[in-house]
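Enquirer: This structure is in structure tokens; I'll ask about it shortly.
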Number of protein chains: 2
Amino acid sequence: MTATVEQPLSKRRQASEARRRAILNAAFEIFVAEGFSAARLDDIAKRAGVAKGTLYLFSKDKEDLFEQVALDAVTPVLQRLTLLAEQPDLPFAALLTGMFALFERDVLATRRREIIRLVIAEGARFPGIAEFYHREMISRGMSIVAEAAARAHARGEIRTDALARFPQLLVGPMLVGVIWRALFEPYEHLDISGLLAAYRDILLGTDSKAKTQ
Amino acid sequence: MTATVEQPLSKRRQASEARRRAILNAAFEIFVAEGFSAARLDDIAKRAGVAKGTLYLFSKDKEDLFEQVALDAVTPVLQRLTLLAEQPDLPFAALLTGMFALFERDVLATRRREIIRLVIAEGARFPGIAEFYHREMISRGMSIVAEAAARAHARGEIRTDALARFPQLLVGPMLVGVIWRALFEPYEHLDISGLLAAYRDILLGTDSKAKTQ
DNA sequence: CAAAATATTGACTGGTCGGTCAGTCATGAT
DNA sequence: ATCATGACTGACCGACCAGTCAATATTTTG
């Protein structure tokens, strides 16, 4: 039996993995810029620096490539979100701060914010993707929030139990941020950090009027 | 000079107007179902019961048709929103109720909710549409909320001034509702009326635990 | 080093679809 | 009744593009 098939991360495999990354990156850019239908595989290949045929070494077809891109983009965020969930005794205020910071740093400030728009855009036509996002991100995130909010409410940390019943309320301002950035920022600037901070104040009941300018 | 060109809403004009409505409706359905790029003009024409060439009697090209659809869909909502703005002394609680009701009845409960998703999806590629939505809906709505919230805060109706500074916070739950319906409803039901009511409670500080049901 | 194995290429194909326009037909004027 | 108007049609065209595969290049093996 081919026992120790270990180190042979041969020149082949290394190059292959690098090419896979290049393709996913290129595909990300093009899909984000054009949307699924209008994205051309020729453009993706060119940007990745490979021939079109090479794309088919890593994905079955265009749709499969799109799904890989969408899934690949959430993975790191998913990991960090899980870390938050593993601290069940975190005070609610800290959880809020953590989630908003995670959102700002790893989503809003990166190209990933475009993936959210893309999932919203194409999700209805790709049930597989919508289902994955619901199962892995949404449902997981909602559980964390709902449980933490229920605990916080019981402890008197927050006045309302609305968040425990509708944890979806937490993502509202994040969606607003992503969408505003993508569509309306050219016409009117929105301070998303401020927006999130203000929302945090509303939820916690800590209405500090004179915030950072 | 053709002075009184009044009643002659001749059979021609009538039929034409009916055809225009049919085309806009058909285009709406197809665009919503397929997205801009994937929507086929042949399908739109077939559904509208006209020949493809007829589409070009009412619109310059596919893009123009899409813009007409997107603009046509908001008009009635816009009118109702304006009505709300014309009552500057409305108590804040009533304004909230009014806006949420408007959203539920005229957007969420109709096919218009899909238009929002479509604008989010394609808006980045149609600056004209994004700009129109910002100018006519967003900016107008935000002004109404900001002013009302500032007044309400001054009067002590609401605890926080966050809404006056970030009126965008109000639309968060509506976006959540629209997107949840479109993407995740098959996997997990969300009671959007309840969601909006809960948010209203958070904003007003009226935390009624035992709500309906 | 040569042969075998594998990875990559890009010209090509088959099908699709936005847009056109010469011809047809219903309407309203004379 | 006849004609002039212009709304409407749908076959057609040319551009475009996802996906294929025979040919070529690269790496590994012996």
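Chain labels A, B, ... are given in the sequence in which chains occur in the structure tokens; within each chain residues are numbered consecutively from 1, and ligands are likewise numbered from 1 in the order shown.
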Enumerate as an mmCIF file with N, CA and C atoms, in the first residue's frame the residues belonging to chain A that approach chain B to within 7 Å, with only C-alpha atoms taken into account.

Expert:
data_model
loop_
_atom_site.group_PDB
_atom_site.id
_atom_site.type_symbol
_atom_site.label_atom_id
_atom_site.label_comp_id
_atom_site.auth_asym_id
_atom_site.auth_seq_id
_atom_site.Cartn_x
_atom_site.Cartn_y
_atom_site.Cartn_z
ATOM 1 N N SER A 37 -24.848 35.954 -14.291
ATOM 2 C CA SER A 37 -25.105 35.724 -15.717
ATOM 3 C C SER A 37 -24.142 36.485 -16.606
ATOM 4 N N ALA A 38 -23.890 37.727 -16.252
ATOM 5 C CA ALA A 38 -23.096 38.577 -17.137
ATOM 6 C C ALA A 38 -21.594 38.311 -17.015
ATOM 7 N N ARG A 117 -24.043 41.056 -1.019
ATOM 8 C CA ARG A 117 -24.925 41.596 -2.050
ATOM 9 C C ARG A 117 -25.163 40.543 -3.135
ATOM 10 N N LEU A 118 -24.109 39.835 -3.472
ATOM 11 C CA LEU A 118 -24.211 38.831 -4.524
ATOM 12 C C LEU A 118 -25.139 37.694 -4.120
ATOM 13 N N ILE A 120 -27.570 37.898 -1.972
ATOM 14 C CA ILE A 120 -28.928 38.435 -2.021
ATOM 15 C C ILE A 120 -29.423 38.453 -3.455
ATOM 16 N N ALA A 121 -28.533 38.848 -4.341
ATOM 17 C CA ALA A 121 -28.919 38.988 -5.737
ATOM 18 C C ALA A 121 -29.247 37.648 -6.377
ATOM 19 N N GLY A 123 -29.249 34.558 -4.748
ATOM 20 C CA GLY A 123 -29.701 33.512 -3.836
ATOM 21 C C GLY A 123 -31.015 32.875 -4.236
ATOM 22 N N ALA A 124 -31.942 33.692 -4.737
ATOM 23 C CA ALA A 124 -33.241 33.150 -5.085
ATOM 24 C C ALA A 124 -33.122 32.115 -6.188
ATOM 25 N N ALA A 130 -28.388 29.682 -0.901
ATOM 26 C CA ALA A 130 -29.241 30.256 0.144
ATOM 27 C C ALA A 130 -29.324 29.291 1.312
ATOM 28 N N HIS A 134 -27.992 29.986 5.055
ATOM 29 C CA HIS A 134 -28.915 29.921 6.186
ATOM 30 C C HIS A 134 -28.401 28.964 7.244
ATOM 31 N N THR A 160 -35.263 44.872 27.000
ATOM 32 C CA THR A 160 -36.263 44.213 26.162
ATOM 33 C C THR A 160 -35.942 42.744 25.908
ATOM 34 N N ALA A 162 -37.137 41.571 23.072
ATOM 35 C CA ALA A 162 -37.398 41.538 21.631
ATOM 36 C C ALA A 162 -36.281 40.811 20.878
ATOM 37 N N PHE A 166 -36.601 37.858 18.398
ATOM 38 C CA PHE A 166 -36.272 38.128 17.000
ATOM 39 C C PHE A 166 -34.805 38.516 16.845
ATOM 40 N N LEU A 169 -33.250 40.909 14.291
ATOM 41 C CA LEU A 169 -33.168 42.372 14.412
ATOM 42 C C LEU A 169 -31.723 42.846 14.457
ATOM 43 N N GLY A 172 -30.100 43.702 10.935
ATOM 44 C CA GLY A 172 -30.651 44.801 10.159
ATOM 45 C C GLY A 172 -29.650 45.880 9.814
ATOM 46 N N PRO A 173 -29.026 46.492 10.811
ATOM 47 C CA PRO A 173 -28.090 47.582 10.526
ATOM 48 C C PRO A 173 -26.891 47.124 9.702
ATOM 49 N N LEU A 175 -27.009 44.861 7.311
ATOM 50 C CA LEU A 175 -27.503 44.847 5.934
ATOM 51 C C LEU A 175 -27.582 46.257 5.382
ATOM 52 N N VAL A 176 -28.110 47.145 6.206
ATOM 53 C CA VAL A 176 -28.190 48.537 5.776
ATOM 54 C C VAL A 176 -26.794 49.036 5.378
ATOM 55 N N ILE A 179 -25.594 47.459 2.029
ATOM 56 C CA ILE A 179 -26.345 47.929 0.868
ATOM 57 C C ILE A 179 -26.085 49.404 0.615
ATOM 58 N N ALA A 182 -22.848 49.842 -1.131
ATOM 59 C CA ALA A 182 -22.850 49.390 -2.520
ATOM 60 C C ALA A 182 -23.652 50.313 -3.429
ATOM 61 N N LEU A 183 -24.739 50.874 -2.917
ATOM 62 C CA LEU A 183 -25.637 51.604 -3.808
ATOM 63 C C LEU A 183 -25.630 53.118 -3.626
ATOM 64 N N PHE A 184 -25.644 53.560 -2.367
ATOM 65 C CA PHE A 184 -25.946 54.968 -2.141
ATOM 66 C C PHE A 184 -24.772 55.812 -1.702
ATOM 67 N N LEU A 195 -23.271 54.247 12.889
ATOM 68 C CA LEU A 195 -24.579 53.595 12.820
ATOM 69 C C LEU A 195 -24.640 52.402 13.764
ATOM 70 N N ALA A 198 -24.557 53.467 17.381
ATOM 71 C CA ALA A 198 -25.847 54.011 17.799
ATOM 72 C C ALA A 198 -26.850 52.889 18.060
ATOM 73 N N ILE A 202 -28.907 51.860 21.456
ATOM 74 C CA ILE A 202 -30.351 51.639 21.544
ATOM 75 C C ILE A 202 -30.642 50.330 22.246
ATOM 76 N N ASP A 207 -27.620 55.507 26.281
ATOM 77 C CA ASP A 207 -27.695 56.583 25.294
ATOM 78 C C ASP A 207 -26.703 57.688 25.585
#

Enquirer: Find the nearest atom pair between each residue of chain D and chain B for residues within 8 Å, count only C-alpha atoms (C1' of nucleotides), give distances in Å to one decimal, sort rows by chain and ascending number, and present the table as a tab-separated table.

Expert:
residue	atom	partner	partner_atom	distance
D:DC8	C1'	B:Thr54	CA	6.4
D:DT9	C1'	B:Ala51	CA	5.9
D:DG10	C1'	B:Ala51	CA	6.8

Enquirer: Residues at most 12 Å from B:Ala109, counting only C-alpha atoms (C1' of nucleotides), excluding those fewer than 5 positions away in the same chain, as JSON, numbers by chain?

Expert: {"B": [100, 101, 102, 103, 104, 114, 177, 178, 181, 192, 193]}

Enquirer: Would you mind reading off the distance between atom CA of B:Asp43 and atom CA of B:Ile30, one decimal, in Å?

Expert: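 We find that atom CA of B:Asp43 and atom CA of B:Ile30 lie 7.4 Å from each other.
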
Enquirer: Determine, counting only C-alpha atoms (C1' of nucleotides), which protein, DNA and RNA residues have an atom within 9 Å of an atom of stretch 5-22 of chain C; residues of the same chain fewer than 6 positions away are not included. Present the result as an NGL selection string.

Expert: (:A and (12 or 50-54)) or (:B and (40-42 or 53 or 56 or 61-62)) or (:D and (12-13 or 16-17 or 20 or 23-29))

Enquirer: Nearest residue to chain C out of B:Ala148, B:Ile115, B:Ala18, B:Leu55, using only C-alpha atoms (C1' of nucleotides)?

Expert: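 For chain C, the nearest of the given residues is B:Leu55.
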
Enquirer: Provide the atom CA of B:Thr75 to atom CA of B:Ser143 distance in Å, to one decimal place.

Expert: 18.3 Å

Enquirer: I need the residues in stretch 16-171 of chain A that are helix (DSSP H, G or I) according to DSSP; give them as a ChimeraX atom specification.

Expert: /A:16-34,41-48,52-58,62-85,92-108,112-125,127-155,162-165,167-170

Enquirer: Keeping C-alpha atoms for every residue in the selection just given, could you write it to a file as a tab-separated table (two decimals), in the first residue's frame?

Expert:
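Generated file (out_10.tsv):
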chain	number	residue	atom	x	y	z
A	16	SER	CA	-2.29	23.46	-8.60
A	17	GLU	CA	-3.29	24.88	-5.26
A	18	ALA	CA	-1.93	28.29	-6.18
A	19	ARG	CA	-3.86	28.16	-9.42
A	20	ARG	CA	-7.02	27.25	-7.55
A	21	ARG	CA	-6.63	30.32	-5.33
A	22	ALA	CA	-5.97	32.51	-8.34
A	23	ILE	CA	-9.08	31.23	-10.04
A	24	LEU	CA	-11.28	31.73	-6.98
A	25	ASN	CA	-9.97	35.25	-6.55
A	26	ALA	CA	-10.46	36.13	-10.17
A	27	ALA	CA	-13.91	34.59	-10.21
A	28	PHE	CA	-14.80	36.55	-7.08
A	29	GLU	CA	-13.86	39.85	-8.71
A	30	ILE	CA	-15.67	39.17	-11.94
A	31	PHE	CA	-18.82	37.76	-10.36
A	32	VAL	CA	-19.00	40.70	-7.99
A	33	ALA	CA	-18.50	43.20	-10.76
A	34	GLU	CA	-20.85	41.63	-13.28
A	41	LEU	CA	-15.58	32.73	-18.03
A	42	ASP	CA	-13.11	34.08	-20.55
A	43	ASP	CA	-12.61	37.13	-18.37
A	44	ILE	CA	-12.22	35.04	-15.25
A	45	ALA	CA	-9.64	32.86	-16.94
A	46	LYS	CA	-7.73	35.83	-18.28
A	47	ARG	CA	-7.67	37.55	-14.90
A	48	ALA	CA	-6.55	34.34	-13.21
A	52	LYS	CA	-10.46	28.78	-20.01
A	53	GLY	CA	-10.16	25.02	-20.09
A	54	THR	CA	-8.24	25.16	-16.82
A	55	LEU	CA	-11.32	26.45	-15.05
A	56	TYR	CA	-12.94	23.13	-15.77
A	57	LEU	CA	-10.18	21.31	-13.94
A	58	PHE	CA	-11.41	22.90	-10.72
A	62	LYS	CA	-20.06	28.08	-14.14
A	63	GLU	CA	-22.63	27.50	-11.44
A	64	ASP	CA	-20.32	25.25	-9.49
A	65	LEU	CA	-17.60	27.86	-9.70
A	66	PHE	CA	-19.96	30.48	-8.36
A	67	GLU	CA	-20.91	28.30	-5.43
A	68	GLN	CA	-17.28	27.66	-4.62
A	69	VAL	CA	-16.63	31.40	-4.58
A	70	ALA	CA	-19.60	32.12	-2.36
A	71	LEU	CA	-18.73	29.34	0.05
A	72	ASP	CA	-15.04	30.11	0.12
A	73	ALA	CA	-15.72	33.71	1.09
A	74	VAL	CA	-17.71	32.97	4.22
A	75	THR	CA	-15.50	30.30	5.66
A	76	PRO	CA	-13.14	32.59	7.62
A	77	VAL	CA	-16.02	34.65	8.98
A	78	LEU	CA	-17.77	31.48	9.97
A	79	GLN	CA	-14.73	30.36	11.96
A	80	ARG	CA	-14.50	33.62	13.86
A	81	LEU	CA	-18.22	33.59	14.56
A	82	THR	CA	-17.84	30.13	16.04
A	83	LEU	CA	-15.16	31.44	18.37
A	84	LEU	CA	-17.64	33.96	19.71
A	85	ALA	CA	-20.22	31.28	20.28
A	92	PHE	CA	-24.13	40.85	26.18
A	93	ALA	CA	-22.47	44.20	25.60
A	94	ALA	CA	-19.24	42.42	24.78
A	95	LEU	CA	-20.98	40.05	22.40
A	96	LEU	CA	-22.51	42.97	20.57
A	97	THR	CA	-19.18	44.70	20.35
A	98	GLY	CA	-17.55	41.51	19.16
A	99	MET	CA	-20.10	40.81	16.46
A	100	PHE	CA	-20.13	44.35	15.14
A	101	ALA	CA	-16.35	44.45	15.13
A	102	LEU	CA	-16.23	41.13	13.30
A	103	PHE	CA	-18.66	42.50	10.77
A	104	GLU	CA	-16.76	45.73	10.28
A	105	ARG	CA	-13.33	44.21	10.06
A	106	ASP	CA	-13.95	40.97	8.20
A	107	VAL	CA	-16.92	41.82	6.07
A	108	LEU	CA	-17.52	45.50	5.55
A	112	ARG	CA	-16.60	40.13	1.24
A	113	ARG	CA	-19.22	42.77	1.70
A	114	GLU	CA	-19.87	42.38	-2.01
A	115	ILE	CA	-20.50	38.68	-1.53
A	116	ILE	CA	-23.46	39.46	0.66
A	117	ARG	CA	-24.93	41.60	-2.05
A	118	LEU	CA	-24.21	38.83	-4.52
A	119	VAL	CA	-25.91	36.20	-2.39
A	120	ILE	CA	-28.93	38.43	-2.02
A	121	ALA	CA	-28.92	38.99	-5.74
A	122	GLU	CA	-28.52	35.41	-6.90
A	123	GLY	CA	-29.70	33.51	-3.84
A	124	ALA	CA	-33.24	33.15	-5.08
A	125	ARG	CA	-31.94	31.33	-8.14
A	127	PRO	CA	-31.26	27.48	-3.51
A	128	GLY	CA	-28.13	25.57	-2.67
A	129	ILE	CA	-26.33	28.74	-1.74
A	130	ALA	CA	-29.24	30.26	0.14
A	131	GLU	CA	-29.61	27.03	2.06
A	132	PHE	CA	-25.90	26.90	2.87
A	133	TYR	CA	-25.85	30.49	4.09
A	134	HIS	CA	-28.91	29.92	6.19
A	135	ARG	CA	-27.59	26.75	7.74
A	136	GLU	CA	-24.02	27.86	8.35
A	137	MET	CA	-24.21	31.61	8.98
A	138	ILE	CA	-27.72	32.79	9.67
A	139	SER	CA	-29.08	30.00	11.77
A	140	ARG	CA	-25.85	29.73	13.73
A	141	GLY	CA	-25.62	33.48	14.28
A	142	MET	CA	-29.27	33.71	15.25
A	143	SER	CA	-28.87	30.99	17.88
A	144	ILE	CA	-25.94	32.75	19.45
A	145	VAL	CA	-27.79	36.05	19.60
A	146	ALA	CA	-31.08	34.58	20.77
A	147	GLU	CA	-29.51	32.68	23.63
A	148	ALA	CA	-27.27	35.51	24.71
A	149	ALA	CA	-30.13	37.98	24.52
A	150	ALA	CA	-32.40	35.76	26.57
A	151	ARG	CA	-29.72	35.43	29.23
A	152	ALA	CA	-28.99	39.14	29.19
A	153	HIS	CA	-32.67	39.95	29.53
A	154	ALA	CA	-33.07	37.56	32.42
A	155	ARG	CA	-30.06	39.11	34.12
A	162	ALA	CA	-37.40	41.54	21.63
A	163	LEU	CA	-33.91	40.43	20.60
A	164	ALA	CA	-34.39	37.05	22.19
A	165	ARG	CA	-37.57	36.56	20.19
A	167	PRO	CA	-32.50	37.83	16.85
A	168	GLN	CA	-32.81	38.80	13.18
A	169	LEU	CA	-33.17	42.37	14.41
A	170	LEU	CA	-29.45	42.39	15.03

Enquirer: Distance atom CA of B:His189-atom CA of B:Arg111, one decimal place?

Expert: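 Going from atom CA of B:His189 over to atom CA of B:Arg111, I get 18.6 Å.
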
Enquirer: Smallest atom-to-atom distance to chain C: which of B:Ser59, B:Gly49, B:Thr110, B:Pro88, using only C-alpha atoms (C1' of nucleotides)?

Expert: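 Smallest distance to chain C is found for B:Ser59.
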